[in-house]
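Containing mmCIF, C-alpha atoms: run-v4.cif.
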data_start
loop_
_atom_site.label_atom_id
_atom_site.label_comp_id
_atom_site.auth_asym_id
_atom_site.auth_seq_id
_atom_site.Cartn_x
_atom_site.Cartn_y
_atom_site.Cartn_z
CA MET A 1 0.00 0.00 0.00
CA GLY A 2 2.56 2.52 -1.01
CA ALA A 3 5.59 3.28 -3.03
CA VAL A 4 9.16 3.26 -1.87
CA ILE A 5 11.04 6.40 -2.78
CA THR A 6 14.50 5.00 -3.30
CA SER A 7 17.65 6.20 -4.87
CA LYS A 8 18.23 5.29 -8.49
CA LYS A 9 21.01 5.20 -11.03
CA THR A 10 21.03 6.90 -14.38
CA SER A 11 21.95 5.07 -17.55
CA LYS A 12 25.52 6.27 -17.05
CA GLY A 13 25.57 4.82 -13.57
CA ASN A 14 25.50 8.11 -11.70
CA LYS A 15 23.52 7.77 -8.56
CA ILE A 16 20.77 10.23 -7.78
CA LYS A 17 20.43 10.26 -4.01
CA SER A 18 16.72 10.78 -3.83
CA TYR A 19 13.74 11.49 -5.99
CA LYS A 20 13.26 14.59 -3.90
CA THR A 21 16.24 16.08 -5.67
CA ALA A 22 14.82 15.27 -9.08
CA LYS A 23 12.32 18.09 -9.44
CA SER A 24 10.00 18.08 -12.38
CA THR A 25 10.74 20.51 -15.18
CA ARG A 26 7.88 19.48 -17.38
CA ARG A 27 5.66 22.22 -18.75
CA GLY A 28 1.92 22.33 -19.17
CA VAL A 29 -0.47 19.89 -17.59
CA SER A 30 1.37 17.03 -15.99
CA SER A 31 0.57 13.42 -16.74
CA LEU A 32 -0.46 12.98 -13.13
CA LYS A 33 -3.00 15.82 -13.29
CA ARG A 34 -4.33 14.56 -16.61
CA GLY A 35 -4.98 11.12 -15.22
CA PHE A 36 -7.15 12.00 -12.22
CA VAL A 37 -10.86 11.28 -12.30
CA ILE A 38 -13.26 12.63 -9.69
CA LEU A 39 -16.08 10.23 -8.92
CA THR A 40 -19.54 11.61 -8.27
CA LYS A 41 -21.39 10.56 -5.15
CA GLU A 42 -23.68 8.45 -7.37
CA ASP A 43 -20.66 6.72 -8.96
CA VAL A 44 -19.31 5.78 -5.54
CA GLU A 45 -22.71 4.66 -4.25
CA ARG A 46 -23.14 2.44 -7.33
CA ASP A 47 -19.64 0.95 -6.97
CA ARG A 48 -20.13 0.44 -3.23
CA SER A 49 -22.68 -2.29 -3.78
CA SER A 50 -20.22 -4.31 -5.87
CA ALA A 51 -17.41 -3.39 -3.43
CA TYR A 52 -19.54 -4.79 -0.59
CA ALA A 53 -19.47 -8.27 -2.09
CA TYR A 54 -15.71 -8.01 -2.52
CA VAL A 55 -14.88 -6.50 0.87
CA VAL A 56 -17.10 -8.82 2.88
CA THR A 57 -16.60 -12.07 1.02
CA ALA A 58 -13.14 -11.65 -0.59
CA MET B 1 -19.74 -7.52 9.47
CA GLY B 2 -18.17 -10.47 11.33
CA LEU B 3 -14.53 -10.01 10.45
CA LYS B 4 -12.61 -7.26 12.20
CA GLY B 5 -9.16 -5.76 11.91
CA TYR B 6 -6.31 -6.90 14.14
CA THR B 7 -5.49 -5.11 17.37
CA TYR B 8 -2.77 -2.61 16.66
CA ASN B 9 -0.37 -0.50 18.67
CA SER B 10 1.03 2.92 18.02
CA VAL B 11 4.82 2.60 18.02
CA GLY B 12 5.76 6.25 17.80
CA VAL B 13 6.87 8.68 15.16
CA GLY B 14 9.37 7.95 12.40
CA ARG B 15 10.72 10.62 10.06
CA ARG B 16 9.87 14.25 10.80
CA ASN B 17 10.10 17.61 9.09
CA ASP B 18 11.14 16.39 5.66
CA PRO B 19 8.96 18.73 3.53
CA PRO B 20 6.33 18.17 2.33
CA LEU B 21 6.30 15.32 4.89
CA ILE B 22 5.39 16.59 8.35
CA LYS B 23 5.81 13.32 10.19
CA GLU B 24 5.44 9.58 9.86
CA LEU B 25 3.15 7.85 12.37
CA LYS B 26 4.06 4.24 12.95
CA TYR B 27 1.80 1.39 14.03
CA SER B 28 2.30 -2.34 14.35
CA PHE B 29 0.15 -5.43 14.66
CA LYS B 30 0.47 -9.20 14.43
CA ASN B 31 -1.72 -11.31 12.19
CA LYS B 32 -3.13 -14.78 12.85
CA TYR B 33 0.11 -16.37 11.64
CA ASN B 34 2.02 -14.32 14.24
CA LEU B 35 3.68 -12.23 11.54
CA GLN B 36 4.32 -8.65 12.52
CA TYR B 37 3.21 -5.88 10.19
CA ILE B 38 4.27 -2.24 10.21
CA VAL B 39 1.87 0.48 9.11
CA ASN B 40 3.46 3.80 8.19
CA VAL B 41 1.07 6.71 7.96
CA GLU B 42 2.81 9.66 6.34
CA GLN B 43 1.33 13.03 7.26
CA TYR B 44 1.79 15.68 4.59
CA GLU B 45 0.81 19.31 4.20
CA TYR B 46 -2.92 19.98 3.60
CA ASP B 47 -3.78 17.27 6.17
CA ILE B 48 -3.00 14.51 3.70
CA PHE B 49 -2.27 11.08 5.21
CA VAL B 50 -0.75 8.36 3.06
CA VAL B 51 -1.13 4.86 4.47
CA LYS B 52 1.47 2.18 3.72
CA PHE B 53 2.04 -1.23 5.24
CA HIS B 54 4.57 -4.01 4.99
CA LEU B 55 5.83 -7.06 6.86
CA ALA B 56 8.23 -6.11 9.65
CA ASP B 57 10.65 -8.74 8.33
CA HIS B 58 10.84 -6.78 5.08
CA SER B 59 11.52 -3.41 6.73
CA ASN B 60 14.96 -3.09 5.20
CA SER B 61 14.02 -4.38 1.77
CA LYS B 62 13.49 -2.13 -1.24
CA TRP B 63 10.73 -4.56 -2.16
CA ARG B 64 8.86 -4.23 1.12
CA TYR B 65 5.76 -2.78 -0.56
CA SER B 66 5.91 -5.22 -3.47
CA HIS B 67 6.11 -8.60 -1.73
CA LEU B 68 3.06 -10.81 -1.63
CA THR B 69 2.76 -13.25 1.29
CA ASN B 70 0.07 -15.39 -0.42
CA GLN B 71 -1.46 -16.17 2.98
CA ARG B 72 -4.94 -15.06 1.93
CA ASP B 73 -5.15 -12.70 4.89
CA ALA B 74 -5.23 -9.41 2.99
CA ARG B 75 -8.79 -8.50 3.91
CA ARG B 76 -8.21 -8.45 7.64
CA ILE B 77 -4.91 -6.61 7.22
CA ILE B 78 -6.64 -3.94 5.13
CA TYR B 79 -9.43 -3.72 7.71
CA THR B 80 -6.71 -2.94 10.27
CA CYS B 81 -5.37 -0.14 8.06
CA VAL B 82 -8.91 1.22 7.71
CA ASP B 83 -9.26 1.15 11.53
CA ILE B 84 -6.04 3.14 11.81
CA GLY B 85 -7.39 5.59 9.22
CA GLU B 86 -10.58 5.99 11.23
CA GLU B 87 -8.56 6.72 14.36
CA ILE B 88 -6.59 9.37 12.49
CA HIS B 89 -9.82 10.84 11.13
CA SER B 90 -11.15 11.15 14.69
CA GLN B 91 -7.95 12.96 15.72
CA TYR B 92 -7.75 15.10 12.58
CA PRO B 93 -11.31 15.81 11.41
CA ASN B 94 -9.98 17.50 8.25
CA ALA B 95 -7.80 14.53 7.32
CA SER B 96 -7.70 13.34 3.72
CA PHE B 97 -6.22 10.00 2.71
CA GLY B 98 -4.33 8.53 -0.18
CA PHE B 99 -2.72 5.31 -1.25
CA ILE B 100 -0.85 3.79 -4.14
CA GLY B 101 -1.48 0.21 -5.18
CA ASN B 102 2.17 -0.68 -5.38
CA PRO B 103 3.01 -3.07 -8.21
CA THR B 104 4.06 -6.61 -7.38
CA LYS B 105 7.53 -7.74 -8.42
CA LYS B 106 5.98 -9.50 -11.41
CA GLU B 107 4.24 -6.25 -12.44
CA ILE B 108 7.49 -4.34 -12.05
CA LYS B 109 9.24 -6.86 -14.31
CA THR B 110 6.67 -6.23 -17.03
CA LYS B 111 6.39 -2.51 -16.21
CA ALA B 112 2.66 -2.97 -15.62
CA PHE B 113 2.17 0.02 -13.32
CA ARG B 114 -1.35 0.76 -14.56
CA ASN B 115 -4.33 -0.57 -12.59
CA THR B 116 -2.17 -2.85 -10.46
CA LYS B 117 -3.42 -5.89 -8.59
CA ARG B 118 -3.18 -4.06 -5.27
CA TYR B 119 -4.93 -0.98 -6.62
CA ARG B 120 -7.84 -3.11 -7.87
CA VAL B 121 -8.23 -4.58 -4.37
CA TYR B 122 -7.71 -1.43 -2.30
CA GLN B 123 -10.09 0.78 -4.27
CA ASN B 124 -12.98 -1.54 -3.29
CA PHE B 125 -12.19 -0.96 0.37
CA ALA B 126 -11.90 2.82 -0.15
CA LYS B 127 -15.32 2.95 -1.80
CA PHE B 128 -16.89 0.73 0.82
CA PHE B 129 -15.50 2.31 3.98
CA PHE B 130 -15.23 6.01 3.10
CA ASP B 131 -18.57 7.75 2.87
CA PRO B 132 -18.84 9.81 -0.35
CA SER B 133 -20.77 12.49 1.52
CA LEU B 134 -17.68 13.07 3.69
CA PHE B 135 -14.91 12.33 1.15
CA GLU B 136 -14.41 13.15 -2.50
CA HIS B 137 -13.25 9.97 -4.24
CA ILE B 138 -10.56 10.61 -6.85
CA TYR B 139 -8.52 8.03 -8.69
CA ASN B 140 -5.76 7.82 -11.26
CA ILE B 141 -5.80 4.40 -12.85
CA GLU B 142 -2.59 5.09 -14.80
CA LYS B 143 -0.68 5.66 -11.56
CA SER B 144 -2.76 3.15 -9.54
CA THR B 145 -3.43 5.96 -7.09
CA TYR B 146 -6.52 6.76 -5.05
CA ILE B 147 -7.20 9.93 -3.08
CA LEU B 148 -9.96 10.53 -0.56
CA LEU B 149 -10.23 14.29 -0.13
CA ASN B 150 -12.04 15.47 2.96
CA LYS B 151 -14.99 17.63 1.95
CA LYS B 152 -14.51 19.85 5.02
CA LYS B 153 -11.02 20.64 3.77
CA ILE B 154 -12.30 21.24 0.22
CA ALA B 155 -14.75 23.77 1.66
CA GLN B 156 -11.72 25.67 2.99
CA ASN B 157 -9.68 25.31 -0.18
CA LYS B 158 -11.51 24.84 -3.48
CA ASN B 159 -8.24 24.03 -5.28
CA LEU B 160 -7.21 21.35 -2.82
CA LEU B 161 -6.68 18.62 -5.44
CA ASP B 162 -4.44 20.86 -7.54
CA CYS B 163 -2.50 21.90 -4.43
CA VAL B 164 -1.99 18.27 -3.38
CA ILE B 165 -0.88 17.11 -6.84
CA THR B 166 1.46 20.06 -7.18
CA MET B 167 2.92 19.33 -3.74
CA PHE B 168 3.76 15.73 -4.66
CA GLU B 169 5.01 16.61 -8.15
CA THR B 170 7.27 19.34 -6.84
CA HIS B 171 8.99 16.98 -4.45
CA TYR B 172 8.83 13.60 -6.14
CA ASP B 173 9.52 12.39 -9.67
CA ILE B 174 6.12 10.76 -9.98
CA ASP B 175 6.63 9.51 -13.55
CA ASN B 176 9.71 7.52 -12.52
CA ILE B 177 8.66 6.42 -9.07
CA TYR B 178 9.44 2.74 -9.76
CA SER B 179 12.52 3.20 -11.91
CA GLY B 180 14.78 2.25 -8.99
CA LEU B 181 12.99 -1.10 -8.69
CA VAL B 182 12.99 -1.62 -12.47
CA TYR B 183 16.75 -1.05 -12.34
CA GLU B 184 17.06 -3.69 -9.60
CA VAL B 185 14.99 -6.20 -11.60
CA ASN B 186 17.10 -5.64 -14.70
CA ASN B 187 20.25 -6.12 -12.65
CA GLU B 188 18.87 -9.37 -11.22
CA LYS B 189 18.22 -10.62 -14.77
CA LYS B 190 21.76 -9.77 -15.85
CA SER B 191 23.35 -11.50 -12.87
CA ASN B 192 21.25 -14.66 -13.38
#
Will you turn the file into structure tokens for me?
Amino acid sequence: MGAVITSKKTSKGNKIKSYKTAKSTRRGVSSLKRGFVILTKEDVERDRSSAYAYVVTA
Amino acid sequence: MGLKGYTYNSVGVGRRNDPPLIKELKYSFKNKYNLQYIVNVEQYEYDIFVVKFHLADHSNSKWRYSHLTNQRDARRIIYTCVDIGEEIHSQYPNASFGFIGNPTKKEIKTKAFRNTKRYRVYQNFAKFFFDPSLFEHIYNIEKSTYILLNKKKIAQNKNLLDCVITMFETHYDIDNIYSGLVYEVNNEKKSN
């Protein structure tokens, strides 16, 4: 339930200590922002009935 | 509902003051197989709490959020995390929550980060346990991410979602969040 923020190596083998140092320089709308969907209350209520079967009997 | 979460203990505070992270609340519990689990709840700005859990035995592993135990005990473990979330919500009435369905090692090998196995499971629990009249349900299937924004907090800040996304993007390289693990997998392949 979560992602590990670890150090990584570039293709040349240089180590970047942390993702925190790798700030985004992208312009415009980010891929993360593009991908978010806000569910309406009705959407959630509808999905809850199928979730119930999963959560209770999984 | 007959099944309940495990009894858990608060085991203190981990990292602190590492912006945007405010602090990391740590909890632990043992499951029916006597395996100890650690739950890390990361508190960020805007009253955002990100819940993560892993086996205590895997604490020092880079793969701690990717391992599967295959003990068919996930439901009760997730119930426990929900209980912890409810406790946090009672302490912080404006709390919002988020989680990432971390890819399994197999999914990392195939770079299948979209709609991961864990995400497909966890989002059912989020929809079931978090009342949509109290929380705005927001998901990103590409990133296997789910956010539950507290409507009280949204009333204070109409641009809360944008603020939260910007906060994480400013500090973390979201698009390459698993590249360290992909690198490890590729190295494993080469050494085999």
| request: May I have the residues of chain B within 6 Å of chain A, counting all atoms listed in the file, written as number ranges by chain? | output: B: 52-53, 99-102, 124, 127-128, 132, 137-140, 170-173, 180
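Picture a line from atom CA of Glu24 of chain B to atom CA of Gly12 of chain B; it runs 8.6 Å.
Of note, atom CA of Asn159 of chain B and atom CA of Tyr46 of chain B are spaced 11.1 Å apart.
Comparing the minimum interatomic distances between Thr166 of chain B and each of B:Pro20, B:Gly85, B:Pro93, B:Gly14, counting all atoms listed in the file, we find that B:Pro20 sits nearest.
Taking atom CA of Cys81 of chain B and atom CA of Lys158 of chain B as the two end points, the separation is 28.2 Å.
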| Could you tell me, as an NGL selection string, which residues have any atom at most 12 Å from (-4.7, -10.0, 9.6), counting only C-alpha atoms? | :B and (3-8 or 28-38 or 53-55 or 69 or 71-81)
Next, the residues of the selection above should be written as a short mmCIF file (atom, residue, chain, number, x, y, z; two decimals), keeping the file's coordinate frame with C-alpha atoms.
data_model
loop_
_atom_site.label_atom_id
_atom_site.label_comp_id
_atom_site.auth_asym_id
_atom_site.auth_seq_id
_atom_site.Cartn_x
_atom_site.Cartn_y
_atom_site.Cartn_z
CA LEU B 3 -14.53 -10.01 10.45
CA LYS B 4 -12.61 -7.26 12.20
CA GLY B 5 -9.16 -5.76 11.91
CA TYR B 6 -6.31 -6.90 14.14
CA THR B 7 -5.49 -5.11 17.37
CA TYR B 8 -2.77 -2.61 16.66
CA SER B 28 2.30 -2.34 14.35
CA PHE B 29 0.15 -5.43 14.66
CA LYS B 30 0.47 -9.20 14.43
CA ASN B 31 -1.72 -11.31 12.19
CA LYS B 32 -3.13 -14.78 12.85
CA TYR B 33 0.11 -16.37 11.64
CA ASN B 34 2.02 -14.32 14.24
CA LEU B 35 3.68 -12.23 11.54
CA GLN B 36 4.32 -8.65 12.52
CA TYR B 37 3.21 -5.88 10.19
CA ILE B 38 4.27 -2.24 10.21
CA PHE B 53 2.04 -1.23 5.24
CA HIS B 54 4.57 -4.01 4.99
CA LEU B 55 5.83 -7.06 6.86
CA THR B 69 2.76 -13.25 1.29
CA GLN B 71 -1.46 -16.17 2.98
CA ARG B 72 -4.94 -15.06 1.93
CA ASP B 73 -5.15 -12.70 4.89
CA ALA B 74 -5.23 -9.41 2.99
CA ARG B 75 -8.79 -8.50 3.91
CA ARG B 76 -8.21 -8.45 7.64
CA ILE B 77 -4.91 -6.61 7.22
CA ILE B 78 -6.64 -3.94 5.13
CA TYR B 79 -9.43 -3.72 7.71
CA THR B 80 -6.71 -2.94 10.27
CA CYS B 81 -5.37 -0.14 8.06
#
| message | Just want the 10 Å neighbourhood of Arg15 of chain B, counted on all atoms listed in the file, with same-chain residues fewer than 3 positions away dropped. Output as a ChimeraX atom specification. | response | /B:18,21-26,42
| field | Resolved residues for the PyMOL selection byres ((chain B and resi 119) around 8) as a PyMOL selection string | value | chain B and resi 100-102+115-118+120-123+144-145
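If you count all atoms listed in the file and ignore residues fewer than 6 places along the chain from Gly98 of chain B, what sits within 9 Å of it is Ile48, Phe49, Val50, Val51, Thr145, Tyr146, Ile147, Leu148 and Leu149 of chain B.
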Can you write out the residues you just picked, keeping C-alpha atoms, as a PDB file, in the coordinates of the input?
ATOM      1  CA  ILE B  48      -3.000  14.510   3.700  1.00  0.00           C
ATOM      2  CA  PHE B  49      -2.270  11.080   5.210  1.00  0.00           C
ATOM      3  CA  VAL B  50      -0.750   8.360   3.060  1.00  0.00           C
ATOM      4  CA  VAL B  51      -1.130   4.860   4.470  1.00  0.00           C
ATOM      5  CA  THR B 145      -3.430   5.960  -7.090  1.00  0.00           C
ATOM      6  CA  TYR B 146      -6.520   6.760  -5.050  1.00  0.00           C
ATOM      7  CA  ILE B 147      -7.200   9.930  -3.080  1.00  0.00           C
ATOM      8  CA  LEU B 148      -9.960  10.530  -0.560  1.00  0.00           C
ATOM      9  CA  LEU B 149     -10.230  14.290  -0.130  1.00  0.00           C
TER      10      LEU B 149
END
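Distance check against Asp47 of chain B using all atoms listed in the file: of B:Lys106, B:Arg114, B:His89, B:Lys62, the minimum falls on B:His89.
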Using all atoms of segment 157-162 of chain B listed in the file and a margin of 3 Å per side, can you give the axis-aligned box centre and edge lengths in Å to one decimal, as lines of an AutoDock Vina configuration file?
center_x = -8.0
center_y = 22.0
center_z = -3.9
size_x = 13.1
size_y = 12.7
size_z = 13.4
